[in-house]
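Have a look at the structure below, then the notes.
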Amino acid sequence: MSLLDVDWTLIPEPADDGKADHLEGAALPDATLPSTQGPAIKLSDLRGITVIYVYPMTGRPDRDLPDGWNDIPGARGCTPQSCAFRDHYAELRDYGVDHLFGLSTQDTDYQAEAAARLHLPFPLLSDADLGFGKALELPGMEADGNYLHKRLTMIVRDGVIAKVFYPVFPPDQDAANVIEWMREHAQDRA
C-alpha cells in the first residue's frame with residue numbers, strides 16, 4: 001500500500017479534546033524555525049495570510065511507520081495532507097494565502113527528503129526543539145518514544161491566529177477545508 005492510499009474508514013478518527021481551543025486570537029511566538037527552502041523563518045514576522053499545517057510526522061518509503069501508527073487517532077495521513085496542499089497550492093494563492101508551510105517535530109534533513117520526493121512548492125518547517133509548539137501549547141502525542149505535534153491547521157493574519165482546524169480528519173481534505181474557509185471569509189480581507 002502506498003503512503004497515499006489510505007482507507008479512512010479503517011483509521012480511527014481523532015476527537016476534539018479541546019486542546020486547541022486557546023489558539024484562535026493568539027499571536028505567534030517569536031520562534032525562528034529551520035526551513036527546507038533556504039533560511040530559517042520567523043513566522044511571527046510574516047505579514048498577510050499564512051497557513052501553517054501542523055502534522056505528526058511524514059512517513060518514508062524506506063522506513064516503517066511507528067508500531068501501531070494506524071491505531072493512533074489522527075496519526076496517519078501526513079503524506080496525503082502534504083500532497084493535498086501541494087495540489088491546491090495555486091488555488092490557495094488565488095484565495096489570498098501569501099505563505100504556506102508544513103510544520104512537524106522532524107528535523108530539517110528528514111523533512112527535506114519528503115519535500116523533494118513529494119515535489120512540494122512550499123517549505124516544511126522543523127520544530128525539532130519543540131520551542132514553537134511549547135510556546136503555543138500545541139496538542140501533542142508520543143509514538144515510538146518521540147514527542148509529536150497533533151495534526152491541526154492555522155490560518156494566521158499578520159502574526160495572529162484567525163482560524164484553527166482541529167482535529168483535522170481526513171487529512172487529505174485539509175487543503176479543501178482551508179480553501180472553503182478562505183472563500184467564505186473573502187470579504188474579511190477587503
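Scheme for the C-alpha cells: letters A, B, ... for chains in order shown; per-chain residue numbers from 1; ligand numbers from 1 in order shown.
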Would you give me, as a tab-separated table, each residue of segment 27-131 of chain A having an atom within 10 Å of an atom of segment 174-181 of chain A, along with its shortest atom pair and that distance in Å to one decimal, using only C-alpha atoms and sorting by chain and residue number?
```
residue	atom	partner	partner_atom	distance
A:Val51	CA	A:Val178	CA	8.4
A:Tyr53	CA	A:Asp174	CA	8.6
A:Pro80	CA	A:Asp174	CA	9.6
A:Gln81	CA	A:Asp174	CA	6.6
A:Ser82	CA	A:Ala175	CA	8.8
A:Cys83	CA	A:Ala175	CA	9.3
A:Ala84	CA	A:Ala175	CA	5.9
A:Phe85	CA	A:Ala175	CA	5.3
A:Arg86	CA	A:Ala175	CA	8.8
A:Asp87	CA	A:Ala175	CA	8.8
A:His88	CA	A:Ala175	CA	6.7
A:Tyr89	CA	A:Ala175	CA	8.6
A:Glu91	CA	A:Ile179	CA	7.6
A:Leu92	CA	A:Ile179	CA	6.2
A:Arg93	CA	A:Ile179	CA	9.7
A:Asp94	CA	A:Ile179	CA	9.6
A:Tyr95	CA	A:Ile179	CA	7.1
A:Gly96	CA	A:Ile179	CA	9.7
A:Val97	CA	A:Ile179	CA	9.4
```
Output C-alpha atoms for every residue in the selection just made, as a JSON list (two decimals), in the first residue's frame.
```
[["chain", "number", "residue", "atom", "x", "y", "z"],
["A", 51, "VAL", "CA", -1.39, 28.91, 6.50],
["A", 53, "TYR", "CA", -0.50, 22.91, 8.73],
["A", 80, "PRO", "CA", -1.76, 12.75, 1.75],
["A", 81, "GLN", "CA", -2.19, 16.04, 3.64],
["A", 82, "SER", "CA", 1.03, 17.50, 2.22],
["A", 83, "CYS", "CA", 0.13, 16.31, -1.27],
["A", 84, "ALA", "CA", -3.30, 17.95, -1.00],
["A", 85, "PHE", "CA", -1.70, 21.27, -0.08],
["A", 86, "ARG", "CA", 0.73, 20.81, -2.98],
["A", 87, "ASP", "CA", -2.12, 20.09, -5.40],
["A", 88, "HIS", "CA", -4.15, 23.09, -4.19],
["A", 89, "TYR", "CA", -1.19, 25.47, -3.85],
["A", 91, "GLU", "CA", -5.79, 27.88, -5.63],
["A", 92, "LEU", "CA", -4.72, 28.79, -2.09],
["A", 93, "ARG", "CA", -2.62, 31.62, -3.52],
["A", 94, "ASP", "CA", -5.63, 32.75, -5.60],
["A", 95, "TYR", "CA", -7.69, 32.97, -2.37],
["A", 96, "GLY", "CA", -5.13, 35.24, -0.74],
["A", 97, "VAL", "CA", -2.72, 32.90, 1.02]]
```
Glu113 of chain A surroundings by only C-alpha atoms, 12 Å radius, close-in-sequence under 2 positions cut, as number ranges by chain: A: 36-37, 58-62, 106-111, 115-120, 123-124
Any chance you can output those residues with N, CA and C atoms as a compact mmCIF listing (two decimals), in the first residue's frame?
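Below you can see part.txt, which holds the result:
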```txt
# COMPACT_ATOMS: atom_id res chain seq x y z
N THR A 36 13.06 23.92 4.87
CA THR A 36 13.60 23.09 3.79
C THR A 36 13.92 23.91 2.55
N GLN A 37 13.55 25.18 2.54
CA GLN A 37 13.80 26.04 1.37
C GLN A 37 14.55 27.30 1.79
N THR A 58 6.06 12.76 8.73
CA THR A 58 5.92 12.24 7.38
C THR A 58 6.57 10.87 7.31
N GLY A 59 5.85 9.91 6.74
CA GLY A 59 6.44 8.59 6.52
C GLY A 59 7.38 8.62 5.33
N ARG A 60 8.22 7.61 5.27
CA ARG A 60 9.14 7.47 4.14
C ARG A 60 9.02 6.06 3.58
N PRO A 61 9.13 5.92 2.27
CA PRO A 61 9.00 4.60 1.66
C PRO A 61 10.05 3.61 2.15
N ASP A 62 11.21 4.09 2.59
CA ASP A 62 12.30 3.20 3.01
C ASP A 62 12.30 2.90 4.51
N GLN A 106 9.98 16.81 13.15
CA GLN A 106 11.09 16.13 12.48
C GLN A 106 12.17 17.15 12.12
N ASP A 107 13.42 16.70 12.07
CA ASP A 107 14.49 17.63 11.73
C ASP A 107 14.45 17.95 10.23
N THR A 108 15.14 19.02 9.87
CA THR A 108 15.09 19.53 8.51
C THR A 108 15.62 18.53 7.48
N ASP A 109 16.66 17.77 7.82
CA ASP A 109 17.17 16.77 6.88
C ASP A 109 16.10 15.73 6.55
N TYR A 110 15.38 15.27 7.56
CA TYR A 110 14.30 14.29 7.34
C TYR A 110 13.21 14.93 6.48
N GLN A 111 12.84 16.16 6.82
CA GLN A 111 11.79 16.85 6.08
C GLN A 111 12.20 17.14 4.63
N ALA A 115 10.02 16.71 1.26
CA ALA A 115 9.72 17.86 0.40
C ALA A 115 10.16 17.61 -1.04
N ALA A 116 11.33 17.00 -1.20
CA ALA A 116 11.83 16.70 -2.55
C ALA A 116 11.02 15.59 -3.20
N ARG A 117 10.77 14.51 -2.45
CA ARG A 117 10.05 13.36 -3.00
C ARG A 117 8.63 13.72 -3.39
N LEU A 118 8.00 14.59 -2.60
CA LEU A 118 6.61 14.96 -2.86
C LEU A 118 6.48 16.20 -3.75
N HIS A 119 7.61 16.79 -4.15
CA HIS A 119 7.63 17.97 -5.03
C HIS A 119 6.80 19.11 -4.44
N LEU A 120 7.05 19.43 -3.18
CA LEU A 120 6.30 20.49 -2.51
C LEU A 120 6.82 21.86 -2.94
N PRO A 123 7.84 25.45 1.76
CA PRO A 123 8.76 24.86 2.72
C PRO A 123 8.06 24.08 3.83
N LEU A 124 8.80 23.10 4.34
CA LEU A 124 8.44 22.44 5.58
C LEU A 124 9.34 23.04 6.66
```
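Rounded to one decimal, atom CA of Glu13 of chain A and atom CA of Phe169 of chain A lie 6.6 Å from each other.
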Length of the atom CA of Ala128 of chain A to atom CA of Asn146 of chain A vector [Å]: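 Distance reported for this atom pair: 10.4 Å.
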Near-segment 64-74 of chain A list (9 Å; only C-alpha atoms; drop same-chain fewer than 6 positions) as a VMD selection string: chain A and resid 10 to 15 56 143 to 144 150 to 151 167 to 171
Output of the above residues as an mmCIF file, in the first residue's frame, restricted to C-alpha atoms:
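For reference, again_2.cif as written:
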```cif
data_model
loop_
_atom_site.group_PDB
_atom_site.id
_atom_site.type_symbol
_atom_site.label_atom_id
_atom_site.label_comp_id
_atom_site.auth_asym_id
_atom_site.auth_seq_id
_atom_site.Cartn_x
_atom_site.Cartn_y
_atom_site.Cartn_z
ATOM 1 C CA LEU A 10 -10.231 1.929 8.794
ATOM 2 C CA ILE A 11 -8.373 4.714 10.612
ATOM 3 C CA PRO A 12 -9.664 5.924 13.996
ATOM 4 C CA GLU A 13 -10.962 9.467 13.763
ATOM 5 C CA PRO A 14 -9.485 11.877 16.312
ATOM 6 C CA ALA A 15 -11.848 13.521 18.790
ATOM 7 C CA PRO A 56 2.857 14.485 13.431
ATOM 8 C CA ALA A 143 4.954 7.448 19.230
ATOM 9 C CA ASP A 144 7.989 5.190 19.498
ATOM 10 C CA LYS A 150 -1.048 16.504 16.754
ATOM 11 C CA ARG A 151 -2.448 17.481 13.384
ATOM 12 C CA PRO A 167 -8.892 17.930 14.728
ATOM 13 C CA VAL A 168 -8.185 17.532 11.019
ATOM 14 C CA PHE A 169 -9.762 14.409 9.535
ATOM 15 C CA PRO A 170 -9.449 13.095 6.954
ATOM 16 C CA PRO A 171 -6.117 14.839 6.388
#
```
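Remark: for Ile49 of chain A, the closest of the candidate residues A:Gln173, A:Asp98, A:Arg183, A:Pro139 is A:Asp98 (distances computed over only C-alpha atoms).
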Test item, strand (DSSP E) assignment across segment 6-133 of chain A, answer as a list in words: Thr32, Leu33, Ile41, Lys42, Ile49, Thr50, Val51, Ile52, Tyr53, Val54, Val97, Asp98, His99, Leu100, Phe101, Gly102, Leu103, Ser104, Leu124, Leu125 and Ser126 of chain A
Could those residues be written to a file, using C-alpha atoms, as an mmCIF file, in the first residue's frame?
```cif
data_model
loop_
_atom_site.group_PDB
_atom_site.id
_atom_site.type_symbol
_atom_site.label_atom_id
_atom_site.label_comp_id
_atom_site.auth_asym_id
_atom_site.auth_seq_id
_atom_site.Cartn_x
_atom_site.Cartn_y
_atom_site.Cartn_z
ATOM 1 C CA THR A 32 12.660 31.074 14.240
ATOM 2 C CA LEU A 33 12.286 27.684 12.547
ATOM 3 C CA ILE A 41 11.612 31.517 9.031
ATOM 4 C CA LYS A 42 10.284 33.675 11.866
ATOM 5 C CA ILE A 49 -2.205 35.492 5.350
ATOM 6 C CA THR A 50 -0.146 32.495 6.387
ATOM 7 C CA VAL A 51 -1.393 28.909 6.500
ATOM 8 C CA ILE A 52 0.533 26.526 8.753
ATOM 9 C CA TYR A 53 -0.499 22.909 8.727
ATOM 10 C CA VAL A 54 0.994 21.033 11.654
ATOM 11 C CA VAL A 97 -2.718 32.900 1.022
ATOM 12 C CA ASP A 98 0.629 34.687 0.992
ATOM 13 C CA HIS A 99 2.636 31.996 2.823
ATOM 14 C CA LEU A 100 2.109 28.249 3.216
ATOM 15 C CA PHE A 101 4.120 25.970 5.489
ATOM 16 C CA GLY A 102 4.004 22.437 6.781
ATOM 17 C CA LEU A 103 5.420 22.029 10.295
ATOM 18 C CA SER A 104 6.468 18.976 12.288
ATOM 19 C CA LEU A 124 8.437 22.439 5.577
ATOM 20 C CA LEU A 125 9.492 23.870 8.932
ATOM 21 C CA SER A 126 11.148 21.957 11.756
#
```
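Minimum distance to Ala40 of chain A across A:Trp8, A:Gly133, A:Asp127, A:Thr105 (counting only C-alpha atoms) occurs at A:Asp127.
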Residues within 12 Å of Leu28 of chain A, only C-alpha atoms, excluding chain neighbours under 3 positions, as a count of residues only: 30
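In the backbone-derived DSSP annotation, alpha helix (DSSP H) within segment 17-110 of chain A comprises Cys78, Thr79, Pro80, Gln81, Ser82, Cys83, Ala84, Phe85, Arg86, Asp87, Tyr89, Ala90, Glu91, Leu92, Arg93, Asp94, Thr108, Asp109 and Tyr110 of chain A.
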